[in-house]
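Below is one structure; the comments refer to it alone.
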Amino acid sequence: MKLTLHEANIPIRYPWTTSHGTRTHQRNLIVELSDAGLSGFGEGASIPYYGVTYDTMSEALEAVRPTIEIASFSDPVDFWERMHPLLSDQMFALCALDEAATDLWGKRLGRSVYDLLDLDMSKAPLSDYTIGIDTIEKMVAKMKEFDGWPIYKIKLGTDDDIAIVRELRRHTEAVFRVDANGGWDAEQTIANSRELAGLGVEFIEQPLEADNWDGMKRVFAESVLPVIADESCILEADVEKCQGYFHGVNVKLTKCGGQTPARRMLAQAKDLGMKTMVGCMTETSVGISAIAQLLPMLDYVDMDGALLLAGDVADGVTIEKGKVSFPDAPGSHGNGITWRGVDQK
């Protein structure tokens, strides 16, 4: 196989603000695995608050390039198991590699990945659209730009959280989900849950800091809304830890190392009686299309990352008012890379 690393530097549609800070551009890694005239693609998103950048991911993959390029595989699960010991401290890079291998697997066999996984897309949930933190007026404007979506996810963690949700509620009857990204304490979360329940909020994602297990035990018992783990559920070993502290888990392919471990995490969460969700980073249609292959395994999905960007790199899945449509092509990501509004190398 041949390994090719592409850099995609993409403007974000609006400055992207969460409780972790603000970004205006997204510099992502696109991995291409080529073999016998076919190419599979995967993506790693740069997320500074996780210490992950384009440079850290590309350096990690360059260090193991010889091993990757002499490898052969008929099953991406086997390939992941061989690559994991080499990249266990670089899960975002491993994710990009696993997505590329999985896409290549589908293209070799001439079938979509979800078909190879025997998943029924008639059971796919609708995606939400995320409203990043801003002034209340701008948050309303962002929502109206994507008017008519059935579900909106609202980033919170400000001094005006309830006022934000109350004002957004005036402009839509859609379902709301809120994500505090660890910006609240237990007392706030319990109080906010009562207010938010009356404003049509479905659940609260990651209200407390990731390691505040004592606080989450109290929130789990007293919140009137379900709570979903994000930063508290990174790797496979974290799923069982979340039982009794969260009602569900949001699995991020980038953080756990790709589609291969994500499938195991989702199955384990189901076995433990927990709700399942996959979320995205600010990713192009390469990463979003990889998520889409797992939709029937999910209760909820947040896969709007490509819509938050001012450019894209692939003809993958499309999302219209929450409904996902798939390209008529094998694998995950359509027919290849098509740079649109993206500085690339």
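In the structure tokens, chains take letters A, B, ... by order of appearance, with residues numbered from 1 within each chain and ligands from 1 in the order shown.
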
Any idea what's packed within 7 Å of A:Ile12, counting only C-alpha atoms, ignoring anything in its chain fewer than 6 positions away? Could you give it as number ranges by chain?
-> A: 24-26, 308-310

Now that the selection is made, can you save its residues with N, CA and C atoms as a compact mmCIF listing (two decimals), in the first residue's frame?
# COMPACT_ATOMS: atom_id res chain seq x y z
N THR A 24 -11.13 29.96 14.24
CA THR A 24 -11.65 30.52 12.99
C THR A 24 -11.28 29.65 11.79
N HIS A 25 -10.29 28.77 11.93
CA HIS A 25 -9.87 27.88 10.86
C HIS A 25 -9.71 26.46 11.42
N GLN A 26 -9.82 25.50 10.54
CA GLN A 26 -9.65 24.10 10.91
C GLN A 26 -8.59 23.49 10.01
N LEU A 308 -20.41 23.18 9.15
CA LEU A 308 -19.85 24.30 9.91
C LEU A 308 -18.63 24.91 9.22
N LEU A 309 -18.18 24.28 8.12
CA LEU A 309 -17.00 24.73 7.40
C LEU A 309 -17.38 25.53 6.15
N ALA A 310 -16.48 26.41 5.72
CA ALA A 310 -16.71 27.21 4.51
C ALA A 310 -16.17 26.51 3.26

Residue contacts of stretch 99-104 of chain A (9 Å, only C-alpha atoms) excluding same-chain residues fewer than 4 positions away, as an MDAnalysis selection string = chainID A and resid 30:35 38:43 73 75:77 79:80 94:95 108:109 112:113 253 258:260 286:287 290 330:333

Give me the residues within 7 Å of A:Met303 as number ranges by chain, counting only C-alpha atoms and dropping any in the same chain fewer than 2 places off.
-> A: 127, 279-280, 288, 301, 305

Stretch 243-246 of chain A: which residues within 6 Å, counting only C-alpha atoms, same-chain residues fewer than 3 positions away excluded, as an mmCIF file with N, CA and C atoms, in the first residue's frame?
data_model
loop_
_atom_site.group_PDB
_atom_site.id
_atom_site.type_symbol
_atom_site.label_atom_id
_atom_site.label_comp_id
_atom_site.auth_asym_id
_atom_site.auth_seq_id
_atom_site.Cartn_x
_atom_site.Cartn_y
_atom_site.Cartn_z
ATOM 1 N N MET A 216 -20.929 13.808 39.042
ATOM 2 C CA MET A 216 -21.802 13.154 38.078
ATOM 3 C C MET A 216 -22.716 12.129 38.751
ATOM 4 N N LYS A 217 -22.255 11.510 39.821
ATOM 5 C CA LYS A 217 -23.115 10.561 40.534
ATOM 6 C C LYS A 217 -24.345 11.287 41.060
ATOM 7 N N PHE A 220 -26.555 12.377 38.015
ATOM 8 C CA PHE A 220 -27.265 11.208 37.471
ATOM 9 C C PHE A 220 -28.524 10.921 38.287
ATOM 10 N N VAL A 227 -28.378 12.598 30.971
ATOM 11 C CA VAL A 227 -27.054 13.176 30.756
ATOM 12 C C VAL A 227 -26.224 12.194 29.922
ATOM 13 N N ILE A 228 -25.509 12.755 28.940
ATOM 14 C CA ILE A 228 -24.733 11.959 27.989
ATOM 15 C C ILE A 228 -23.258 12.298 28.144
ATOM 16 N N GLU A 240 -17.760 1.306 30.318
ATOM 17 C CA GLU A 240 -18.262 0.689 31.548
ATOM 18 C C GLU A 240 -18.159 1.639 32.725
#

Would you mind writing down, as number ranges by chain, each residue of stretch 166-226 of chain A that DSSP on the backbone assigns to strand (DSSP E)?
-> A: 175-179, 201-205

With C-alpha atoms kept, could you save the residues just selected as a short mmCIF file (atom, residue, chain, number, x, y, z; two decimals), in the first residue's frame?
data_model
loop_
_atom_site.label_atom_id
_atom_site.label_comp_id
_atom_site.auth_asym_id
_atom_site.auth_seq_id
_atom_site.Cartn_x
_atom_site.Cartn_y
_atom_site.Cartn_z
CA VAL A 175 -36.02 19.49 19.66
CA PHE A 176 -33.07 21.01 21.55
CA ARG A 177 -30.02 19.29 22.96
CA VAL A 178 -27.50 21.20 25.06
CA ASP A 179 -23.77 20.64 25.48
CA VAL A 201 -34.47 20.06 25.76
CA GLU A 202 -33.96 16.34 25.17
CA PHE A 203 -30.72 15.78 27.10
CA ILE A 204 -27.62 17.46 28.53
CA GLU A 205 -24.23 16.48 27.16
#

Among stretch 40-129 of chain A, which residues carry a DSSP assignment of helix (DSSP H, G or I), reported as a VMD selection string?
-> chain A and resid 48 to 50 54 to 63 65 to 70 76 to 87 91 to 109 113 to 116 121 to 123

Dump as a PDB file, in the first residue's frame, selection limited to C-alpha atoms:
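New file again-v5.pdb:
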ATOM      1  CA  PRO A  48      -5.755  22.064  20.297  1.00  0.00           C
ATOM      2  CA  TYR A  49      -7.396  21.486  23.699  1.00  0.00           C
ATOM      3  CA  TYR A  50      -6.646  17.770  23.254  1.00  0.00           C
ATOM      4  CA  TYR A  54      -1.928  18.457  11.985  1.00  0.00           C
ATOM      5  CA  ASP A  55       1.798  18.233  12.796  1.00  0.00           C
ATOM      6  CA  THR A  56       1.419  15.780  15.700  1.00  0.00           C
ATOM      7  CA  MET A  57      -0.783  13.487  13.611  1.00  0.00           C
ATOM      8  CA  SER A  58       1.370  13.578  10.487  1.00  0.00           C
ATOM      9  CA  GLU A  59       4.579  13.044  12.471  1.00  0.00           C
ATOM     10  CA  ALA A  60       3.056  10.005  14.189  1.00  0.00           C
ATOM     11  CA  LEU A  61       2.061   8.432  10.878  1.00  0.00           C
ATOM     12  CA  GLU A  62       5.384   9.255   9.194  1.00  0.00           C
ATOM     13  CA  ALA A  63       7.151   7.443  12.021  1.00  0.00           C
ATOM     14  CA  ARG A  65       5.073   4.709   7.394  1.00  0.00           C
ATOM     15  CA  PRO A  66       7.281   1.670   6.542  1.00  0.00           C
ATOM     16  CA  THR A  67       5.100  -0.640   8.639  1.00  0.00           C
ATOM     17  CA  ILE A  68       1.890   0.735   7.108  1.00  0.00           C
ATOM     18  CA  GLU A  69       3.135   0.469   3.554  1.00  0.00           C
ATOM     19  CA  ILE A  70       4.258  -3.151   3.797  1.00  0.00           C
ATOM     20  CA  PRO A  76      -9.884  -3.416   8.632  1.00  0.00           C
ATOM     21  CA  VAL A  77     -10.379  -4.815  12.139  1.00  0.00           C
ATOM     22  CA  ASP A  78      -7.243  -6.917  11.775  1.00  0.00           C
ATOM     23  CA  PHE A  79      -5.378  -3.905  10.362  1.00  0.00           C
ATOM     24  CA  TRP A  80      -6.479  -1.750  13.335  1.00  0.00           C
ATOM     25  CA  GLU A  81      -5.282  -4.374  15.813  1.00  0.00           C
ATOM     26  CA  ARG A  82      -1.823  -4.335  14.210  1.00  0.00           C
ATOM     27  CA  MET A  83      -1.638  -0.532  14.030  1.00  0.00           C
ATOM     28  CA  HIS A  84      -2.982   0.199  17.516  1.00  0.00           C
ATOM     29  CA  PRO A  85       0.193  -0.720  19.451  1.00  0.00           C
ATOM     30  CA  LEU A  86       2.171   1.638  17.182  1.00  0.00           C
ATOM     31  CA  LEU A  87      -0.244   4.568  17.543  1.00  0.00           C
ATOM     32  CA  MET A  91      -5.644   8.096  18.563  1.00  0.00           C
ATOM     33  CA  PHE A  92      -6.661  10.903  16.192  1.00  0.00           C
ATOM     34  CA  ALA A  93      -4.007   9.744  13.720  1.00  0.00           C
ATOM     35  CA  LEU A  94      -5.093   6.129  14.221  1.00  0.00           C
ATOM     36  CA  CYS A  95      -8.677   7.201  13.504  1.00  0.00           C
ATOM     37  CA  ALA A  96      -7.679   8.722  10.164  1.00  0.00           C
ATOM     38  CA  LEU A  97      -5.788   5.551   9.263  1.00  0.00           C
ATOM     39  CA  ASP A  98      -8.659   3.268  10.315  1.00  0.00           C
ATOM     40  CA  GLU A  99     -11.209   5.309   8.354  1.00  0.00           C
ATOM     41  CA  ALA A 100      -8.992   5.129   5.268  1.00  0.00           C
ATOM     42  CA  ALA A 101      -8.558   1.361   5.631  1.00  0.00           C
ATOM     43  CA  THR A 102     -12.295   0.877   6.144  1.00  0.00           C
ATOM     44  CA  ASP A 103     -13.109   2.995   3.089  1.00  0.00           C
ATOM     45  CA  LEU A 104     -10.576   1.027   1.032  1.00  0.00           C
ATOM     46  CA  TRP A 105     -12.127  -2.245   2.267  1.00  0.00           C
ATOM     47  CA  GLY A 106     -15.520  -1.170   0.945  1.00  0.00           C
ATOM     48  CA  LYS A 107     -14.077  -0.056  -2.388  1.00  0.00           C
ATOM     49  CA  ARG A 108     -12.197  -3.329  -2.829  1.00  0.00           C
ATOM     50  CA  LEU A 109     -15.436  -5.268  -2.328  1.00  0.00           C
ATOM     51  CA  VAL A 113     -19.305   0.031   4.504  1.00  0.00           C
ATOM     52  CA  TYR A 114     -22.704  -0.018   6.199  1.00  0.00           C
ATOM     53  CA  ASP A 115     -23.811  -2.791   3.833  1.00  0.00           C
ATOM     54  CA  LEU A 116     -20.702  -4.816   4.662  1.00  0.00           C
ATOM     55  CA  MET A 121     -30.235   2.459   7.018  1.00  0.00           C
ATOM     56  CA  SER A 122     -34.015   2.596   7.403  1.00  0.00           C
ATOM     57  CA  LYS A 123     -33.237   2.760  11.144  1.00  0.00           C
TER      58      LYS A 123
END

Show me, as a tab-separated table, the residues of stretch 71-134 of chain A having an atom within 12 Å of stretch 167-174 of chain A, each with the closest atom pair and its distance in Å, using only C-alpha atoms.
residue	atom	partner	partner_atom	distance
A:Asp128	CA	A:Ala174	CA	9.9
A:Tyr129	CA	A:Ala174	CA	10.8
A:Ile131	CA	A:Leu168	CA	10.1

Of the candidates A:Asp302, A:Gln90, A:Val239, A:Asp211, which one gets nearest to A:Lys153 if we count only C-alpha atoms?
->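 Smallest distance to A:Lys153 is found for A:Asp302.
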
All residues 8 Å or closer to A:Asn192, only C-alpha atoms, same chain fewer than 4 positions away omitted, as a ChimeraX atom specification | /A:162,188,196

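If you measure from each of A:Ala210, A:Val219, A:Ala186, A:Leu117 to A:Arg263 using only C-alpha atoms, the closest one turns out to be A:Leu117.
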
Within 12 Å of A:Asp315, counting only C-alpha atoms, which residues show up once you throw out same-chain ones fewer than 4 positions away? Write them as a list in words, please.
-> Phe41, Thr284, Ser285, Val286, Gly287, Ile288, Ser289, Ala306, Gly311, Ile319, Ser325, Phe326, Pro327, Asp328, Ala329, Ser332, His333, Gly334, Asn335, Gly336, Ile337, Thr338, Trp339 and Arg340 of chain A

If you count only C-alpha atoms, which residues fall within 9 Å of A:Phe146, apart from same-chain ones fewer than 3 positions away, as a list in words?
-> Tyr129, Ala141, Lys142, Met143, Trp149 and Lys321 of chain A

Selected residue, from A:Leu199, A:Met1, A:Met281, A:Leu272, that lies nearest to A:Thr130 when counting only C-alpha atoms |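 Smallest separation from A:Thr130 among the options: A:Met281.
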
Pick from A:Asp89, A:Asp299, A:Asp185, A:Asp161 nearest to A:His247, counting only C-alpha atoms = A:Asp299

Which residue of A:Val313, A:Ala71, A:Ile154, A:Val251 approaches A:Lys275 most closely, using only C-alpha atoms |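 The closest residue to A:Lys275 is A:Val251.
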
For atom CA of A:Arg166 and atom CA of A:Ala229, determine how far apart the two atoms are, in Å to one decimal place.
-> 23.9 Å

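Across the structure, atom CA of A:Met265 and atom CA of A:Tyr300 are spaced 14.6 Å apart.
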